>>> print(open('work29.pdb').read())   # PDB, C-alpha atoms
ATOM      1  CA  PRO A   1     103.526 107.137 101.657
ATOM      2  CA  GLY A   2     103.256 109.183 104.821
ATOM      3  CA  LEU A   3     102.945 106.225 107.185
ATOM      4  CA  ILE A   4     105.863 105.108 109.332
ATOM      5  CA  GLY A   5     107.133 101.871 110.812
ATOM      6  CA  THR A   6     107.007 101.279 114.549
ATOM      7  CA  TRP A   7     110.521 100.366 115.642
ATOM      8  CA  VAL A   8     113.490 102.700 115.157
ATOM      9  CA  SER A   9     117.178 101.808 115.242
ATOM     10  CA  THR A  10     119.050 103.563 118.042
ATOM     11  CA  GLU A  11     122.205 103.290 115.960
ATOM     12  CA  ASP A  12     121.187 105.215 112.849
ATOM     13  CA  GLY A  13     117.543 106.319 113.265
ATOM     14  CA  SER A  14     116.240 104.121 110.455
ATOM     15  CA  PHE A  15     112.981 102.218 110.742
ATOM     16  CA  LEU A  16     113.432  98.535 111.512
ATOM     17  CA  ASP A  17     110.016  97.522 110.214
ATOM     18  CA  SER A  18     107.152  98.674 108.034
ATOM     19  CA  SER A  19     104.289  97.840 110.398
ATOM     20  CA  GLY A  20     102.066 100.212 112.300
ATOM     21  CA  GLY A  21      98.821 102.103 112.495
ATOM     22  CA  TRP A  22      97.202 104.764 114.650
ATOM     23  CA  SER A  23      97.246 102.615 117.811
ATOM     24  CA  ALA A  24      99.860 101.896 120.458
ATOM     25  CA  TYR A  25     103.479 102.871 119.787
ATOM     26  CA  ASP A  26     102.760 104.958 116.677
ATOM     27  CA  ASP A  27      99.933 107.115 117.992
ATOM     28  CA  SER A  28     102.032 109.890 119.530
ATOM     29  CA  PHE A  29     104.035 110.447 116.349
ATOM     30  CA  TYR A  30     100.912 111.210 114.338
ATOM     31  CA  GLU A  31      99.188 113.043 117.187
ATOM     32  CA  TYR A  32     101.905 115.626 117.662
ATOM     33  CA  LEU A  33     102.575 116.423 114.008
ATOM     34  CA  ILE A  34      99.514 118.657 113.714
ATOM     35  CA  LYS A  35      99.720 119.855 117.327
ATOM     36  CA  MET A  36     103.276 121.122 116.855
ATOM     37  CA  TYR A  37     102.204 122.893 113.671
ATOM     38  CA  VAL A  38      99.418 124.617 115.623
ATOM     39  CA  TYR A  39     101.949 125.556 118.328
ATOM     40  CA  ASP A  40     104.353 127.223 115.854
ATOM     41  CA  PRO A  41     103.481 127.074 112.137
ATOM     42  CA  LYS A  42     106.758 128.656 111.032
ATOM     43  CA  ALA A  43     109.021 126.340 112.992
ATOM     44  CA  PHE A  44     106.937 123.219 112.354
ATOM     45  CA  GLY A  45     105.585 123.720 108.835
ATOM     46  CA  GLU A  46     107.182 120.457 107.724
ATOM     47  CA  TYR A  47     105.260 118.642 110.479
ATOM     48  CA  LYS A  48     102.003 119.805 108.896
ATOM     49  CA  ASP A  49     103.120 118.350 105.571
ATOM     50  CA  ARG A  50     103.953 115.017 107.247
ATOM     51  CA  TRP A  51     100.561 114.996 108.959
ATOM     52  CA  VAL A  52      98.711 115.678 105.694
ATOM     53  CA  ALA A  53     100.656 112.884 103.962
ATOM     54  CA  ALA A  54      99.860 110.476 106.816
ATOM     55  CA  VAL A  55      96.153 111.319 106.924
ATOM     56  CA  ASP A  56      95.739 111.241 103.146
ATOM     57  CA  SER A  57      97.437 107.836 103.077
ATOM     58  CA  THR A  58      95.248 106.693 105.978
ATOM     59  CA  MET A  59      92.113 107.772 104.116
ATOM     60  CA  LYS A  60      93.231 105.868 101.029
ATOM     61  CA  HIS A  61      94.598 102.700 102.638
ATOM     62  CA  LEU A  62      93.595 102.257 106.293
ATOM     63  CA  VAL A  63      89.964 103.327 106.714
ATOM     64  CA  SER A  64      87.936 100.120 106.899
ATOM     65  CA  HIS A  65      84.235  99.363 107.312
ATOM     66  CA  PRO A  66      82.958  96.188 109.003
ATOM     67  CA  THR A  67      81.020  94.057 106.534
ATOM     68  CA  THR A  68      77.941  94.039 108.793
ATOM     69  CA  ARG A  69      78.215  97.712 109.833
ATOM     70  CA  LYS A  70      79.167  99.803 106.807
ATOM     71  CA  ASP A  71      78.198 102.885 108.836
ATOM     72  CA  LEU A  72      81.301 102.406 111.017
ATOM     73  CA  SER A  73      84.840 103.424 110.069
ATOM     74  CA  PHE A  74      87.855 101.982 111.867
ATOM     75  CA  LEU A  75      91.568 102.440 111.210
ATOM     76  CA  SER A  76      93.251  99.207 110.151
ATOM     77  CA  ALA A  77      96.729  98.128 111.141
ATOM     78  CA  TYR A  78      99.297  97.492 108.411
ATOM     79  CA  SER A  79     102.424  95.538 107.715
ATOM     80  CA  GLY A  80     104.223  96.454 104.529
ATOM     81  CA  GLN A  81     101.614  96.730 101.779
ATOM     82  CA  GLN A  82      98.995  94.650 103.601
ATOM     83  CA  THR A  83      96.303  95.971 105.932
ATOM     84  CA  PHE A  84      94.519  94.059 108.680
ATOM     85  CA  PRO A  85      91.081  94.686 110.229
ATOM     86  CA  ASN A  86      92.180  95.264 113.801
ATOM     87  CA  SER A  87      92.600  98.292 116.004
ATOM     88  CA  GLY A  88      92.499  99.339 119.627
ATOM     89  CA  HIS A  89      91.025 101.945 121.891
ATOM     90  CA  LEU A  90      94.188 104.060 121.677
ATOM     91  CA  ALA A  91      93.366 104.794 118.034
ATOM     92  CA  SER A  92      90.206 106.629 119.096
ATOM     93  CA  PHE A  93      92.269 109.818 119.541
ATOM     94  CA  ALA A  94      92.582 109.963 115.747
ATOM     95  CA  GLY A  95      89.031 111.269 115.410
ATOM     96  CA  GLY A  96      89.802 114.406 117.382
ATOM     97  CA  ASN A  97      93.183 114.711 115.699
ATOM     98  CA  PHE A  98      91.555 114.672 112.247
ATOM     99  CA  ILE A  99      88.965 117.223 113.377
ATOM    100  CA  LEU A 100      91.717 119.500 114.720
ATOM    101  CA  GLY A 101      93.674 119.218 111.477
ATOM    102  CA  GLY A 102      90.558 119.841 109.421
ATOM    103  CA  ILE A 103      89.738 123.003 111.352
ATOM    104  CA  VAL A 104      93.312 124.336 111.335
ATOM    105  CA  LEU A 105      93.852 123.600 107.637
ATOM    106  CA  GLY A 106      90.315 124.430 106.507
ATOM    107  CA  GLU A 107      89.822 120.924 105.065
ATOM    108  CA  GLU A 108      86.301 119.574 105.448
ATOM    109  CA  LYS A 109      87.320 116.026 104.423
ATOM    110  CA  TYR A 110      89.521 115.709 107.522
ATOM    111  CA  LYS A 111      86.786 117.012 109.822
ATOM    112  CA  GLN A 112      84.224 114.609 108.359
ATOM    113  CA  LEU A 113      86.563 111.639 108.708
ATOM    114  CA  GLY A 114      87.279 112.712 112.290
ATOM    115  CA  LEU A 115      83.583 112.739 113.115
ATOM    116  CA  GLN A 116      83.134 109.296 111.513
ATOM    117  CA  ILE A 117      86.089 107.873 113.436
ATOM    118  CA  THR A 118      84.907 109.371 116.736
ATOM    119  CA  ASP A 119      81.393 107.966 116.320
ATOM    120  CA  SER A 120      82.750 104.569 115.281
ATOM    121  CA  TYR A 121      85.244 104.147 118.116
ATOM    122  CA  TYR A 122      82.461 104.984 120.580
ATOM    123  CA  GLU A 123      80.506 101.915 119.433
ATOM    124  CA  PRO A 124      82.671  99.202 121.070
ATOM    125  CA  TYR A 125      82.084 100.939 124.421
ATOM    126  CA  VAL A 126      78.300 101.116 124.130
ATOM    127  CA  GLN A 127      78.107  97.531 122.849
ATOM    128  CA  GLU A 128      79.642  96.196 126.075
ATOM    129  CA  ALA A 129      77.288  95.664 129.027
ATOM    130  CA  ALA A 130      79.753  97.325 131.414
ATOM    131  CA  GLY A 131      80.402 100.219 129.026
ATOM    132  CA  ILE A 132      84.119  99.462 129.066
ATOM    133  CA  GLY A 133      85.583  99.139 125.601
ATOM    134  CA  PRO A 134      88.129  96.481 124.663
ATOM    135  CA  GLU A 135      91.874  97.070 124.585
ATOM    136  CA  GLY A 136      91.912  95.768 121.024
ATOM    137  CA  PHE A 137      89.351  94.457 118.580
ATOM    138  CA  ASN A 138      88.961  92.919 115.145
ATOM    139  CA  TRP A 139      86.195  93.119 112.580
ATOM    140  CA  VAL A 140      85.362  91.462 109.294
ATOM    141  CA  ASP A 141      86.011  93.489 106.156
ATOM    142  CA  ALA A 142      85.645  91.343 103.052
ATOM    143  CA  GLY A 143      88.219  93.531 101.291
ATOM    144  CA  LEU A 144      90.975  92.926 103.849
ATOM    145  CA  SER A 145      92.973  89.920 104.973
ATOM    146  CA  ALA A 146      92.053  88.516 108.375
ATOM    147  CA  ASP A 147      95.546  87.024 108.790
ATOM    148  CA  ASN A 148      97.429  89.438 111.005
ATOM    149  CA  PRO A 149     101.116  88.627 111.462
ATOM    150  CA  ASN A 150     101.297  90.720 114.660
TER
END
>>> encode(input="work29.pdb", output="C-alpha cells")
Amino acid sequence: PGLIGTWVSTEDGSFLDSSGGWSAYDDSFYEYLIKMYVYDPKAFGEYKDRWVAAVDSTMKHLVSHPTTRKDLSFLSAYSGQQTFPNSGHLASFAGGNFILGGIVLGEEKYKQLGLQITDSYYEPYVQEAAGIGPEGFNWVDAGLSADNPN
C-alpha cells in the first residue's frame, strides 16, 4: 500500500503496471507529495497522507541491506509483490526527502531513515576511483530475489 506503478494509461488514468521504486520515472511523484504539503498544508493535506503511506510501505518492504555491508541501506525496486536489490543514483534524493518529511511531521523515524539513505547512497561514489557514481547498481541481499524482470 502507498506505492504506485510506473506507467499510467492516457485513456483512463489507471496504472498499467505494478512496478516501480524511488528511482527514475517514479521519483518525482514521491518527491513532490511532501513538498506540496509544505507549500500549502490545507490544499495538499491528502498529499501528506499519500507520502506517509509511501514512506511507511518503503520502510517495511523496500529498505534493503547488502549482505556484506549491513551498515548500508538502499531502496529496492519492486514488481508486484516481489522486491529486487537494485537501485540508481536518482534514488539518492529520497534521503533528503525523508529528512524533510521527518522535520515537517515531527517524525524521528523518517529523519533517521533519511540520514541512513543519504550516507548509503554516498558510498557508491566514494568507492569509484573517479568519484563518479554509477547510473544503476545491484547488491546482494540474501532475503531478496536477484532475478529482476526489468
>>> axis_aligned_box(input="work29.pdb", around="region 12-29 of chain A", padding_each_side="3 Å", output="lines of an AutoDock Vina configuration file")
center_x = 109.2
center_y = 104.0
center_z = 114.2
size_x = 30.0
size_y = 18.9
size_z = 18.4
>>> resolve_selection(input="work29.pdb", expression="the PyMOL selection byres ((chain A and resi 70) around 12)", output="MDAnalysis selection string")
chainID A and resid 63:69 71:74 116 120 139:142
>>> resolve_selection(input="work29.pdb", expression="the PyMOL selection byres ((chain A and resi 109) around 12)", output="count of residues only")
21
>>> atom_distance(input="work29.pdb", atom1="CA of Ser23 (chain A)", atom2="CA of Ile132 (chain A)")
17.6 Å
>>> resolve_selection(input="work29.pdb", expression="the PyMOL selection byres ((chain A and resi 87) around 10)", output="JSON, numbers by chain")
{"A": [21, 22, 23, 24, 74, 75, 76, 77, 84, 85, 86, 88, 89, 90, 91, 92, 121, 134, 135, 136, 137, 138, 139]}
>>> atom_distance(input="work29.pdb", atom1="CA of Ala53 (chain A)", atom2="CA of Tyr122 (chain A)")
25.9 Å
>>> atom_distance(input="work29.pdb", atom1="CA of Asp17 (chain A)", atom2="CA of His61 (chain A)")
17.9 Å
>>> closest_residue(input="work29.pdb", among="A:Val104, A:Ile117, A:Asn97, A:Trp51", to="Tyr39 (chain A)", atoms="only C-alpha atoms")
A:Val104
>>> closest_residue(input="work29.pdb", among="A:Lys35, A:Gly5, A:Glu123, A:Asp12", to="Ser79 (chain A)", atoms="all atoms listed in the file")
A:Gly5
>>> closest_residue(input="work29.pdb", among="A:Tyr30, A:Thr83, A:Ile4, A:Thr10", to="Gly95 (chain A)", atoms="all atoms listed in the file")
A:Tyr30
>>> closest_residue(input="work29.pdb", among="A:Pro124, A:Gly96, A:Gly131, A:Pro1", to="Ile34 (chain A)", atoms="all atoms listed in the file")
A:Gly96
>>> closest_residue(input="work29.pdb", among="A:Val38, A:Ala54, A:Val8, A:Ala43", to="Ala94 (chain A)", atoms="all atoms listed in the file")
A:Ala54
